[in-house]
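With mmCIF, C-alpha atoms inside, this is work_31.cif:
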```
data_protein
loop_
_atom_site.label_atom_id
_atom_site.label_comp_id
_atom_site.auth_asym_id
_atom_site.auth_seq_id
_atom_site.Cartn_x
_atom_site.Cartn_y
_atom_site.Cartn_z
CA MET A 130 70.07 104.28 111.01
CA PRO A 131 66.42 103.23 110.92
CA ASN A 132 64.23 103.80 107.90
CA GLU A 133 63.78 107.53 108.50
CA SER A 134 60.23 107.95 107.22
CA ASN A 135 59.05 104.89 109.16
CA PHE A 136 60.88 105.96 112.31
CA ASP A 137 59.57 109.51 112.03
CA GLU A 138 56.01 108.33 111.46
CA ILE A 139 55.98 106.23 114.64
CA TYR A 140 57.89 108.67 116.84
CA ASP A 141 55.91 111.69 115.65
CA PHE A 142 52.68 109.80 116.41
CA LEU A 143 53.85 109.28 120.00
CA ASN A 144 55.34 112.76 120.35
CA THR A 145 52.09 114.39 119.24
CA LYS A 146 50.05 112.43 121.78
CA PHE A 147 52.48 112.64 124.69
CA GLU A 148 54.63 115.72 124.03
CA SER A 149 54.82 116.65 127.72
CA GLU A 150 56.07 113.21 128.80
CA LYS A 151 59.79 113.76 128.26
CA GLU A 152 61.16 110.73 130.13
CA TYR A 153 58.76 108.38 128.35
CA LEU A 154 59.61 109.80 124.93
CA GLN A 155 63.33 109.60 125.68
CA ALA A 156 63.08 105.90 126.55
CA VAL A 157 60.94 105.13 123.50
CA ARG A 158 63.21 107.01 121.09
CA GLU A 159 66.30 105.16 122.34
CA VAL A 160 64.66 101.81 121.64
CA LEU A 161 62.99 102.78 118.35
CA GLU A 162 66.31 103.70 116.76
CA ASP A 163 67.44 100.09 117.18
CA ILE A 164 64.26 98.10 116.59
CA VAL A 165 62.65 99.91 113.63
CA PRO A 166 65.00 98.24 111.09
CA ILE A 167 64.12 94.82 112.58
CA TYR A 168 60.43 95.72 112.41
CA ASN A 169 60.71 96.88 108.78
CA ALA A 170 62.36 93.61 107.77
CA ASN A 171 59.62 91.41 109.25
CA GLU A 172 56.29 91.40 107.44
CA ALA A 173 54.46 89.70 110.31
CA TYR A 174 55.59 92.45 112.70
CA LYS A 175 54.45 95.14 110.29
CA GLN A 176 51.05 93.58 109.62
CA ALA A 177 50.39 93.41 113.36
CA ASP A 178 51.70 97.00 113.90
CA ILE A 179 53.89 95.58 116.65
CA VAL A 180 56.02 98.67 117.33
CA ARG A 181 53.14 101.06 117.86
CA ARG A 182 51.34 98.53 120.07
CA LEU A 183 54.49 97.84 122.07
CA CYS A 184 55.15 101.53 122.70
CA LEU A 185 51.66 102.19 124.10
CA PRO A 186 50.71 100.88 127.56
CA GLU A 187 47.93 98.32 127.59
CA ARG A 188 46.46 99.97 130.66
CA VAL A 189 47.15 103.01 132.87
CA ILE A 190 45.40 103.08 136.24
CA TYR A 191 45.21 106.41 138.07
CA PHE A 192 43.88 106.74 141.59
CA THR A 193 43.83 109.23 144.42
CA VAL A 194 45.06 108.13 147.84
CA SER A 195 43.19 110.02 150.54
CA TRP A 196 44.40 109.04 153.99
CA VAL A 197 44.44 110.25 157.59
CA ASN A 198 47.89 110.62 159.15
CA SER A 199 48.78 109.85 162.76
CA GLU A 200 47.91 113.40 163.81
CA GLY A 201 44.41 113.09 162.40
CA THR A 202 45.04 115.27 159.35
CA VAL A 203 43.75 114.27 155.93
CA GLU A 204 46.40 114.04 153.22
CA VAL A 205 45.88 113.48 149.50
CA ASN A 206 48.39 111.91 147.11
CA GLN A 207 48.34 110.90 143.46
CA ALA A 208 49.14 107.35 142.42
CA TRP A 209 49.38 105.26 139.25
CA ARG A 210 49.92 101.71 138.04
CA VAL A 211 51.09 101.37 134.45
CA GLN A 212 50.41 97.87 133.11
CA HIS A 213 52.45 98.21 129.96
CA ASN A 214 52.59 94.81 128.28
CA GLY A 215 51.46 91.43 129.61
CA VAL A 216 52.08 89.27 126.57
CA MET A 217 54.91 87.31 128.21
CA GLY A 218 53.41 86.92 131.68
CA PRO A 219 51.86 88.85 134.59
CA TYR A 220 52.75 92.53 134.69
CA LYS A 221 55.91 92.82 136.79
CA GLY A 222 57.64 95.93 138.05
CA GLY A 223 58.22 98.02 141.13
CA LEU A 224 56.37 100.66 143.11
CA ARG A 225 58.11 103.99 143.74
CA PHE A 226 57.20 106.51 146.45
CA HIS A 227 58.85 109.84 145.67
CA PRO A 228 57.71 113.43 145.08
CA THR A 229 59.09 113.31 141.52
CA VAL A 230 56.81 110.42 140.54
CA ASN A 231 54.51 111.32 137.65
CA LEU A 232 52.94 109.53 134.71
CA SER A 233 55.84 110.20 132.34
CA VAL A 234 58.40 108.68 134.72
CA LEU A 235 56.24 105.62 135.36
CA LYS A 236 55.51 105.07 131.66
CA PHE A 237 59.23 105.21 130.86
CA LEU A 238 60.00 102.76 133.66
CA ALA A 239 57.20 100.39 132.63
CA PHE A 240 58.33 100.48 128.99
CA GLU A 241 61.92 99.71 130.00
CA GLN A 242 60.68 96.99 132.35
CA CYS A 243 59.12 95.07 129.45
CA PHE A 244 62.48 94.81 127.71
CA LYS A 245 64.36 94.03 130.91
CA ASN A 246 61.95 91.27 131.87
CA ALA A 247 62.05 89.79 128.38
CA LEU A 248 65.83 89.52 128.58
CA THR A 249 65.68 87.42 131.75
CA GLY A 250 63.91 84.61 129.88
CA LEU A 251 61.36 84.35 132.70
CA PRO A 252 57.57 84.57 132.11
CA MET A 253 57.01 88.19 133.11
CA GLY A 254 55.34 91.16 131.46
CA GLY A 255 56.23 94.75 132.26
CA GLY A 256 54.67 97.32 134.56
CA LYS A 257 55.49 100.06 137.05
CA GLY A 258 53.66 102.12 139.62
CA GLY A 259 53.94 104.44 142.53
CA SER A 260 52.90 107.67 144.17
CA ASP A 261 54.13 111.21 144.77
CA PHE A 262 54.06 110.44 148.53
CA ASN A 263 57.39 111.30 150.17
CA PRO A 264 58.24 108.95 153.06
CA LYS A 265 61.39 110.87 154.03
CA GLY A 266 61.10 112.20 157.57
CA ARG A 267 57.77 110.47 158.17
CA SER A 268 57.08 108.23 161.15
CA ASP A 269 56.72 104.48 160.74
CA ARG A 270 53.06 104.85 161.62
CA ASP A 271 52.44 107.44 158.90
CA ILE A 272 54.20 105.24 156.34
CA MET A 273 52.07 102.29 157.42
CA LEU A 274 48.87 104.34 157.19
CA PHE A 275 49.78 105.56 153.71
CA CYS A 276 50.73 102.07 152.48
CA GLN A 277 47.44 100.68 153.73
CA ALA A 278 45.44 103.43 152.00
CA PHE A 279 47.48 102.96 148.81
CA MET A 280 46.84 99.21 148.79
CA ARG A 281 43.10 99.69 149.39
CA GLU A 282 42.99 101.32 145.95
CA LEU A 283 45.61 99.20 144.18
CA GLN A 284 44.42 95.77 145.35
CA ARG A 285 41.54 95.54 142.89
CA HIS A 286 43.99 95.73 139.94
CA ILE A 287 46.65 93.19 140.99
CA GLY A 288 46.92 89.46 141.67
CA ALA A 289 49.38 86.56 141.65
CA ASN A 290 48.60 85.82 137.99
CA THR A 291 47.68 89.34 136.91
CA ASP A 292 50.09 91.99 138.18
CA ILE A 293 52.80 91.45 140.77
CA PRO A 294 54.40 94.68 142.03
CA ALA A 295 57.72 94.87 143.86
CA GLY A 296 59.67 97.59 145.61
CA ASP A 297 61.59 100.46 144.06
CA ILE A 298 62.83 103.83 145.32
CA ASN A 299 61.60 104.38 148.92
CA VAL A 300 59.65 101.11 148.85
CA GLY A 301 61.69 98.55 150.72
CA ALA A 302 60.98 95.59 153.00
CA ARG A 303 59.08 97.72 155.52
CA GLU A 304 56.73 99.19 152.93
CA ILE A 305 56.23 95.85 151.15
CA GLY A 306 55.29 94.32 154.49
CA TYR A 307 52.64 96.98 155.16
CA LEU A 308 51.31 96.69 151.60
CA TYR A 309 51.17 92.90 151.72
CA GLY A 310 49.46 92.86 155.11
CA GLU A 311 46.68 95.11 153.83
CA TYR A 312 46.24 93.05 150.65
CA ARG A 313 45.96 89.84 152.68
CA ARG A 314 43.39 91.33 155.05
CA LEU A 315 41.26 92.71 152.22
CA ASN A 316 41.35 89.61 150.00
CA ASN A 317 41.66 86.80 152.55
CA LYS A 318 44.41 85.31 150.39
CA PHE A 319 48.02 84.43 151.15
CA GLU A 320 49.50 84.51 147.65
CA GLY A 321 52.53 85.80 145.77
CA VAL A 322 50.96 89.12 144.82
CA LEU A 323 54.06 91.15 145.80
CA THR A 324 57.77 90.36 145.66
CA GLY A 325 60.42 91.68 147.98
CA LYS A 326 58.49 90.32 150.95
CA GLY A 327 60.04 89.42 154.29
CA LEU A 328 61.53 85.95 154.63
CA GLU A 329 58.88 85.13 157.25
CA PHE A 330 55.96 85.53 154.82
CA GLY A 331 56.99 84.28 151.41
CA GLY A 332 60.05 86.37 150.67
CA SER A 333 63.26 85.19 149.06
CA TYR A 334 66.89 85.18 150.08
CA ILE A 335 69.23 87.66 148.30
CA ARG A 336 66.33 89.72 146.87
CA THR A 337 67.75 92.82 148.55
CA GLU A 338 71.19 92.22 147.08
CA ALA A 339 70.10 91.00 143.66
CA THR A 340 70.19 94.18 141.54
CA GLY A 341 73.63 95.25 142.78
CA PHE A 342 75.07 91.74 142.73
CA GLY A 343 73.59 91.12 139.27
CA LEU A 344 75.23 94.29 137.97
CA ILE A 345 78.63 92.96 139.02
CA TYR A 346 77.96 89.50 137.58
CA PHE A 347 77.12 91.18 134.28
CA THR A 348 80.29 93.30 134.56
CA GLU A 349 82.31 90.13 135.04
CA ALA A 350 80.79 88.68 131.86
CA VAL A 351 81.69 91.85 129.94
CA CYS A 352 85.24 91.72 131.28
CA ASP A 353 85.51 88.08 130.27
CA ALA A 354 84.29 88.93 126.75
CA ASN A 355 87.07 91.54 126.60
CA ASP A 356 89.74 89.11 127.84
CA THR A 357 90.20 90.88 131.15
CA THR A 358 88.97 90.56 134.75
CA LEU A 359 87.27 92.78 137.31
CA GLU A 360 90.09 92.18 139.78
CA GLY A 361 92.32 95.23 140.14
CA LYS A 362 89.96 97.55 138.26
CA ARG A 363 89.28 101.01 139.68
CA VAL A 364 85.50 101.49 139.89
CA VAL A 365 83.41 104.64 140.27
CA VAL A 366 79.91 104.06 141.69
CA SER A 367 77.16 106.66 141.98
CA GLY A 368 74.34 106.36 144.47
CA ALA A 369 74.25 105.32 148.11
CA GLY A 370 71.13 103.20 148.17
CA ASN A 371 70.44 99.53 147.92
CA VAL A 372 71.76 98.98 144.37
CA ALA A 373 74.90 101.09 144.71
CA LEU A 374 75.96 99.66 148.06
CA HIS A 375 75.46 96.03 147.11
CA ALA A 376 77.21 96.58 143.77
CA ALA A 377 80.11 98.12 145.68
CA LYS A 378 80.15 95.21 148.13
CA LYS A 379 80.26 92.55 145.42
CA ALA A 380 82.82 94.47 143.35
CA ILE A 381 85.14 94.66 146.37
CA GLN A 382 84.67 90.93 146.98
CA LYS A 383 85.72 90.37 143.37
CA GLY A 384 88.95 92.30 143.90
CA ALA A 385 87.97 95.68 142.42
CA THR A 386 88.81 99.02 144.05
CA VAL A 387 85.62 101.04 144.59
CA VAL A 388 86.59 104.71 145.03
CA THR A 389 83.28 106.65 145.11
CA LEU A 390 79.71 106.64 146.36
CA SER A 391 77.31 109.56 145.93
CA ASN A 392 73.90 111.05 146.63
CA SER A 393 71.98 114.15 145.56
CA ARG A 394 74.09 116.31 147.89
CA GLY A 395 77.57 115.31 146.73
CA PHE A 396 79.97 112.37 146.61
CA LEU A 397 82.40 110.55 148.86
CA PHE A 398 85.87 109.79 147.46
CA CYS A 399 88.24 107.18 148.88
CA ASP A 400 91.39 106.99 146.77
CA LYS A 401 92.62 103.72 148.29
CA GLY A 402 89.17 102.18 147.91
CA PHE A 403 86.43 101.50 150.43
CA SER A 404 86.78 98.39 152.55
CA GLU A 405 84.13 95.71 152.65
CA SER A 406 83.48 96.66 156.30
CA ASP A 407 82.84 100.29 155.21
CA ILE A 408 80.18 99.12 152.79
CA ALA A 409 78.66 96.67 155.28
CA TRP A 410 78.29 99.51 157.79
CA ALA A 411 76.68 101.75 155.14
CA ILE A 412 74.24 98.99 154.15
CA ASP A 413 73.11 98.71 157.77
CA ALA A 414 72.88 102.48 158.28
CA HIS A 415 71.67 103.96 154.98
CA THR A 416 67.94 103.67 155.67
CA THR A 417 68.15 105.49 159.01
CA SER A 418 70.98 107.99 158.43
CA SER A 419 70.22 111.45 157.05
CA ASN A 420 73.47 111.23 155.04
CA VAL A 421 75.27 107.92 155.31
CA LEU A 422 78.18 109.22 153.20
CA THR A 423 79.12 112.10 155.50
CA ASP A 424 78.74 109.63 158.37
CA LEU A 425 81.26 107.39 156.60
CA GLU A 426 83.62 110.34 156.23
CA SER A 427 83.39 111.01 159.96
CA LYS A 428 84.49 107.39 160.49
CA GLY A 429 87.63 108.10 158.49
CA SER A 430 86.53 106.56 155.20
CA GLY A 431 87.00 109.01 152.36
CA VAL A 432 86.61 112.73 151.68
CA TRP A 433 83.21 114.36 151.08
CA PHE A 434 82.72 116.75 148.15
CA SER A 435 79.52 118.74 148.50
CA ASP A 436 77.41 119.49 145.41
CA LYS A 437 79.72 117.49 143.15
CA THR A 438 79.31 114.33 141.06
CA PRO A 439 81.89 111.52 140.82
CA TRP A 440 82.28 111.45 137.04
CA HIS A 441 85.58 113.35 136.89
CA VAL A 442 87.37 110.74 139.06
CA LYS A 443 89.97 108.54 137.34
CA CYS A 444 88.60 105.03 136.85
CA ASP A 445 88.46 101.94 134.65
CA ILE A 446 84.75 101.23 135.11
CA ALA A 447 81.81 103.52 135.91
CA LEU A 448 78.58 102.20 137.44
CA PRO A 449 75.83 104.86 137.58
CA CYS A 450 73.40 103.47 140.18
CA ALA A 451 71.44 106.52 141.38
CA THR A 452 68.59 107.71 139.15
CA GLN A 453 67.51 108.57 135.60
CA ASN A 454 69.51 111.16 133.63
CA GLU A 455 72.16 111.64 136.29
CA LEU A 456 75.08 111.38 133.86
CA HIS A 457 75.25 113.99 131.08
CA GLU A 458 77.40 114.65 128.01
CA LYS A 459 80.05 116.62 129.90
CA ASP A 460 80.24 113.85 132.50
CA ALA A 461 80.69 111.24 129.78
CA LYS A 462 83.55 113.22 128.27
CA ALA A 463 85.15 113.61 131.71
CA LEU A 464 85.04 109.85 132.24
CA LEU A 465 86.72 109.22 128.90
CA GLU A 466 89.44 111.78 129.65
CA ASN A 467 90.15 109.95 132.90
CA GLY A 468 90.61 106.53 131.34
CA CYS A 469 87.20 104.93 131.77
CA SER A 470 86.72 102.02 129.35
CA MET A 471 83.40 100.53 130.55
CA VAL A 472 80.10 102.03 131.68
CA LEU A 473 77.35 99.74 132.96
CA GLU A 474 74.07 101.15 134.23
CA GLY A 475 72.86 100.08 137.65
CA ALA A 476 69.91 102.50 137.60
CA ASN A 477 67.16 102.89 134.99
CA MET A 478 68.29 105.20 132.16
CA PRO A 479 70.89 107.10 134.24
CA CYS A 480 72.79 108.21 131.12
CA SER A 481 71.26 110.92 128.96
CA ASN A 482 70.96 110.37 125.21
CA ASN A 483 73.93 112.64 124.59
CA ALA A 484 76.05 110.76 127.13
CA GLN A 485 75.16 107.47 125.47
CA GLU A 486 76.26 108.86 122.11
CA VAL A 487 79.60 109.95 123.58
CA PHE A 488 80.27 106.45 124.90
CA ILE A 489 79.23 104.65 121.72
CA ASP A 490 81.00 107.08 119.38
CA SER A 491 84.20 106.68 121.41
CA GLY A 492 84.03 102.89 121.09
CA ILE A 493 84.06 102.08 124.81
CA THR A 494 81.79 99.43 126.30
CA TYR A 495 78.42 100.85 127.31
CA VAL A 496 75.66 98.62 128.73
CA PRO A 497 72.09 99.88 129.31
CA GLY A 498 70.24 99.18 132.54
CA LYS A 499 67.65 96.99 130.87
CA ALA A 500 70.44 94.40 130.62
CA SER A 501 72.89 95.14 133.42
CA ASN A 502 70.44 95.92 136.23
CA ALA A 503 68.00 93.08 135.48
CA GLY A 504 69.19 91.10 138.50
CA GLY A 505 66.51 92.51 140.78
CA VAL A 506 63.57 91.53 138.62
CA ALA A 507 65.23 88.20 137.83
CA LEU A 508 65.29 87.38 141.53
CA SER A 509 61.70 88.62 141.80
CA GLY A 510 60.82 86.08 139.12
CA LEU A 511 62.49 83.40 141.20
CA GLU A 512 60.51 84.57 144.24
CA MET A 513 57.30 84.24 142.21
CA SER A 514 58.26 80.67 141.37
CA GLN A 515 58.97 79.87 145.01
CA ASN A 516 55.62 81.36 146.07
CA ALA A 517 53.77 79.27 143.48
CA GLN A 518 55.40 76.15 144.94
CA PHE A 519 55.07 77.30 148.59
CA SER A 520 58.81 76.80 148.93
CA GLN A 521 61.90 78.78 149.86
CA HIS A 522 65.29 78.13 148.26
CA GLU A 523 68.62 78.60 149.99
CA ALA A 524 70.67 81.74 149.38
CA ASP A 525 73.54 80.00 147.63
CA VAL A 526 71.15 78.23 145.25
CA LEU A 527 69.50 81.53 144.34
CA ASP A 528 72.83 83.29 143.97
CA ASN A 529 73.94 80.65 141.49
CA GLU A 530 70.66 81.03 139.58
CA LEU A 531 71.13 84.81 139.53
CA GLN A 532 74.64 84.44 138.12
CA SER A 533 73.34 82.06 135.46
CA ILE A 534 70.54 84.46 134.44
CA MET A 535 72.89 87.46 134.20
CA LYS A 536 75.32 85.44 132.06
CA SER A 537 72.46 84.35 129.79
CA ILE A 538 71.30 87.97 129.42
CA HIS A 539 74.86 88.91 128.47
CA ALA A 540 74.98 86.10 125.93
CA ARG A 541 71.67 87.24 124.33
CA CYS A 542 72.85 90.84 124.10
CA LEU A 543 76.27 89.86 122.79
CA GLU A 544 74.80 87.62 120.09
CA GLU A 545 72.52 90.36 118.74
CA ALA A 546 75.24 92.99 119.07
CA LYS A 547 77.65 90.88 117.03
CA ARG A 548 74.96 90.22 114.44
CA SER A 549 74.37 93.94 113.97
CA ALA A 550 78.01 95.08 114.32
CA GLY A 551 79.29 97.33 111.57
CA LYS A 552 82.60 97.29 109.76
CA ASP A 553 84.40 98.41 112.91
CA ASN A 554 83.06 95.33 114.77
CA TYR A 555 82.05 97.52 117.72
CA ILE A 556 79.93 95.56 120.23
CA ASN A 557 76.94 97.82 120.83
CA TYR A 558 75.34 96.34 123.93
CA MET A 559 72.48 98.82 123.84
CA LYS A 560 71.48 97.73 120.35
CA GLY A 561 71.99 94.09 121.31
CA ALA A 562 69.76 94.40 124.39
CA ASN A 563 67.03 96.32 122.59
CA ILE A 564 66.86 93.92 119.65
CA ALA A 565 67.12 90.71 121.70
CA ALA A 566 64.26 91.80 123.97
CA PHE A 567 62.18 93.14 121.07
CA ARG A 568 62.35 89.87 119.15
CA ARG A 569 61.06 87.92 122.16
CA ILE A 570 58.16 90.30 122.86
CA ALA A 571 57.25 90.80 119.20
CA ASP A 572 57.18 87.06 118.51
CA ALA A 573 54.87 86.52 121.47
CA MET A 574 52.58 89.34 120.33
CA VAL A 575 52.35 87.94 116.80
CA ALA A 576 51.66 84.44 118.12
CA GLN A 577 48.77 85.71 120.28
CA GLY A 578 47.14 87.75 117.54
CA VAL A 579 45.85 91.30 117.48
#
```
Rewrite the structure from the file as structure tokens, please.
Amino acid sequence: MPNESNFDEIYDFLNTKFESEKEYLQAVREVLEDIVPIYNANEAYKQADIVRRLCLPERVIYFTVSWVNSEGTVEVNQAWRVQHNGVMGPYKGGLRFHPTVNLSVLKFLAFEQCFKNALTGLPMGGGKGGSDFNPKGRSDRDIMLFCQAFMRELQRHIGANTDIPAGDINVGAREIGYLYGEYRRLNNKFEGVLTGKGLEFGGSYIRTEATGFGLIYFTEAVCDANDTTLEGKRVVVSGAGNVALHAAKKAIQKGATVVTLSNSRGFLFCDKGFSESDIAWAIDAHTTSSNVLTDLESKGSGVWFSDKTPWHVKCDIALPCATQNELHEKDAKALLENGCSMVLEGANMPCSNNAQEVFIDSGITYVPGKASNAGGVALSGLEMSQNAQFSQHEADVLDNELQSIMKSIHARCLEEAKRSAGKDNYINYMKGANIAAFRRIADAMVAQGV
């Protein structure tokens, strides 16, 4: 446990200022519990008040996006860019377009992004942004018009050496293309100001696959550390978007049996395991289908369970890849009862605090998203490097680099987890990830002064 008075002082300070920002406070509390003892033991960190400074964003930009849709009607959306910490490099993190986007969600994501980026070893700070605009059901033209209006406001705050956004939920290659086109027209610059671009204009191979593939590469490293393999393991995956589908694809290629996919309306169960061709079809169709999972069922692949989650299904490994706080205490207990021995997060903070406690108290392997889903931003970092050199690396070269980065992240987390292991020698990957990232950021902050 952290020094209680010190922990309480810092957390209460944040809670008093931001009591309505539940997601942000949840993310901060999870990290504080692990890093406060490290902070207390380092006089340089304490003199520079590193923890308080790290928890607060360096800059929060709010702007209104007023735009005219294709029918000539004015629409108004809210938007933000949270530039959380740039001590290790340009602010780096995605843009999310979703009606649930608010400042609390973006602050939590930006805070997490700092730790995730630090673990990659690449020169990137942490940020996040987005809007409450909902692209679902909108025409391509309306999405283009919104993206252009959004970028007209955002462009004055970003740059290739300042802040480099990427995609996130509902911001894929199409949206990045519209955003980049508007930035280029406004600034008369062709530069690496966004990642996730199309291959024709500075994009990188395997960027789309990177988060899901990276999750499986990290899972392989965990299996290896536990003297086992991914081959033959029964895997439960939540989500049906980019991360979930590419994680499922790579897991199947590695010999695992993936038995579920899910969305907000239910889950699809395939007891014998989805085939690689099932997943390939879903990858092609998921951006245009209203429910790619029921479409898969109609093709004879699995059984659809409406308004249910996949966490009661018997499995060896669970990969929550949908959204924050999707897996709760009762779900965690159900997974344990059904033989699950590893949980690795493919989404950002998909497990609630209580679910995390269940996993850690039970002694099973639990890996937070800041470590296991860092593959996407790692590949973004490689795209930044390619843009700076005006080059484009081959897919197999980048895939090998991605595997190397995920293995190095695992090694960093494992080293810190072993260093802080108690008498039971439990490998706490969450503590390992939090401390490893914190040391890197804190050292850089101390070196650069107050």
Report as a Markdown table: every residue of segment 194-257 of chain A with an atom at most 6 Å from segment 292-302 of chain A, its closest pair of atoms, and their distance in Å to one decimal, counting only C-alpha atoms, with rows sorted by chain and ascending residue number.
```
| residue | atom | partner | partner_atom | distance |
| --- | --- | --- | --- | --- |
| A:Pro219 | CA | A:Asp292 | CA | 5.1 |
| A:Tyr220 | CA | A:Asp292 | CA | 4.4 |
| A:Lys221 | CA | A:Ile293 | CA | 5.2 |
| A:Gly222 | CA | A:Pro294 | CA | 5.3 |
| A:Gly223 | CA | A:Ala295 | CA | 4.2 |
| A:Leu224 | CA | A:Gly296 | CA | 5.2 |
| A:Arg225 | CA | A:Asp297 | CA | 5.0 |
| A:Phe226 | CA | A:Asn299 | CA | 5.5 |
```
Picked residues, the PyMOL selection byres ((chain A and resi 396) around 8), as a short mmCIF file (atom, residue, chain, number, x, y, z; two decimals) with C-alpha atoms, in the coordinates of the input:
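File produced: out38.cif:
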```cif
data_model
loop_
_atom_site.label_atom_id
_atom_site.label_comp_id
_atom_site.auth_asym_id
_atom_site.auth_seq_id
_atom_site.Cartn_x
_atom_site.Cartn_y
_atom_site.Cartn_z
CA SER A 367 77.16 106.66 141.98
CA THR A 389 83.28 106.65 145.11
CA LEU A 390 79.71 106.64 146.36
CA SER A 391 77.31 109.56 145.93
CA ASN A 392 73.90 111.05 146.63
CA ARG A 394 74.09 116.31 147.89
CA GLY A 395 77.57 115.31 146.73
CA LEU A 397 82.40 110.55 148.86
CA PHE A 398 85.87 109.79 147.46
CA LEU A 422 78.18 109.22 153.20
CA TRP A 433 83.21 114.36 151.08
CA PHE A 434 82.72 116.75 148.15
CA SER A 435 79.52 118.74 148.50
CA ASP A 436 77.41 119.49 145.41
CA LYS A 437 79.72 117.49 143.15
CA THR A 438 79.31 114.33 141.06
CA PRO A 439 81.89 111.52 140.82
#
```
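Between atom CA of Gly332 of chain A and atom CA of Gln242 of chain A there is a distance of 21.2 Å.
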Evaluate the PyMOL selection byres ((chain A and resi 523-536) around 10) and report residues as a PyMOL selection string: chain A and resi 248-251+333-336+338-340+342-351+500-505+507-508+511-512+521-522+537-542
Tell me which residues the PyMOL selection byres ((chain A and resi 370-380) around 8) grabs here, as a compact mmCIF listing (two decimals) with C-alpha atoms, in the coordinates of the input.
```txt
# COMPACT_ATOMS: atom_id res chain seq x y z
CA THR A 337 67.75 92.82 148.55
CA GLU A 338 71.19 92.22 147.08
CA THR A 340 70.19 94.18 141.54
CA GLY A 341 73.63 95.25 142.78
CA PHE A 342 75.07 91.74 142.73
CA GLY A 343 73.59 91.12 139.27
CA LEU A 344 75.23 94.29 137.97
CA ILE A 345 78.63 92.96 139.02
CA LEU A 359 87.27 92.78 137.31
CA VAL A 366 79.91 104.06 141.69
CA SER A 367 77.16 106.66 141.98
CA GLY A 368 74.34 106.36 144.47
CA ALA A 369 74.25 105.32 148.11
CA ILE A 381 85.14 94.66 146.37
CA GLN A 382 84.67 90.93 146.98
CA LYS A 383 85.72 90.37 143.37
CA GLY A 384 88.95 92.30 143.90
CA ALA A 385 87.97 95.68 142.42
CA THR A 386 88.81 99.02 144.05
CA VAL A 387 85.62 101.04 144.59
CA LEU A 390 79.71 106.64 146.36
CA GLU A 405 84.13 95.71 152.65
CA ILE A 408 80.18 99.12 152.79
CA ALA A 409 78.66 96.67 155.28
CA ALA A 411 76.68 101.75 155.14
CA ILE A 412 74.24 98.99 154.15
CA HIS A 415 71.67 103.96 154.98
CA CYS A 450 73.40 103.47 140.18
CA ALA A 451 71.44 106.52 141.38
CA GLY A 475 72.86 100.08 137.65
CA ALA A 476 69.91 102.50 137.60
```
Would you list the contacts of segment 561-567 of chain A as a PyMOL selection string, taking every protein, DNA or RNA residue within 10 Å and counting all atoms listed in the file, but skipping same-chain residues closer than 3 positions in sequence? chain A and resi 159-168+179-180+183+241+243-250+496-501+538-550+556-558+570-573
Emit as AutoDock Vina command-line options the padded axis-aligned box for all listed atoms of segment 173-188 of chain A, 4 Å per side, with centre and edge lengths in Å to one decimal.
```
--center_x 51.2 --center_y 95.9 --center_z 120.1 --size_x 17.6 --size_y 20.5 --size_z 29.0
```
Selection: 9 Å around Val189 of chain A, only C-alpha atoms, excl. self and same-chain fewer than 2 positions, as a PDB file with C-alpha atoms, in the frame of the given file:
```pdb
ATOM      1  CA  PRO A 186      50.710 100.880 127.560  1.00  0.00           C
ATOM      2  CA  GLU A 187      47.930  98.320 127.590  1.00  0.00           C
ATOM      3  CA  TYR A 191      45.210 106.410 138.070  1.00  0.00           C
ATOM      4  CA  TRP A 209      49.380 105.260 139.250  1.00  0.00           C
ATOM      5  CA  ARG A 210      49.920 101.710 138.040  1.00  0.00           C
ATOM      6  CA  VAL A 211      51.090 101.370 134.450  1.00  0.00           C
ATOM      7  CA  GLN A 212      50.410  97.870 133.110  1.00  0.00           C
ATOM      8  CA  HIS A 213      52.450  98.210 129.960  1.00  0.00           C
ATOM      9  CA  LEU A 232      52.940 109.530 134.710  1.00  0.00           C
ATOM     10  CA  LYS A 236      55.510 105.070 131.660  1.00  0.00           C
TER      11      LYS A 236
END
```
So how far away is atom CA of Gly259 of chain A from atom CA of Val230 of chain A, in Å?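 So the two atoms, atom CA of Val230 of chain A and atom CA of Gly259 of chain A, lie 6.9 Å apart.
Residue nearest Val216 of chain A within the list A:His441, A:Lys257, A:Arg182, A:Lys318: A:Arg182 [criterion: smallest interatomic distance, all atoms listed in the file].
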How far is it from atom CA of Gly306 of chain A to atom CA of Phe240 of chain A, in Å with one decimal?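 Distance reported for this atom pair: 26.4 Å.
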Nearest to Glu360 of chain A among A:Gly218, A:Ile446, A:Met478, A:Gly258, with distances taken over only C-alpha atoms: which residue is it?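 So, comparing all the options, the nearest one is A:Ile446.
Remark: for Ile139 of chain A, the closest of the candidate residues A:Lys428, A:Leu323, A:Lys459, A:Val157 is A:Val157 (distances computed over all atoms listed in the file).
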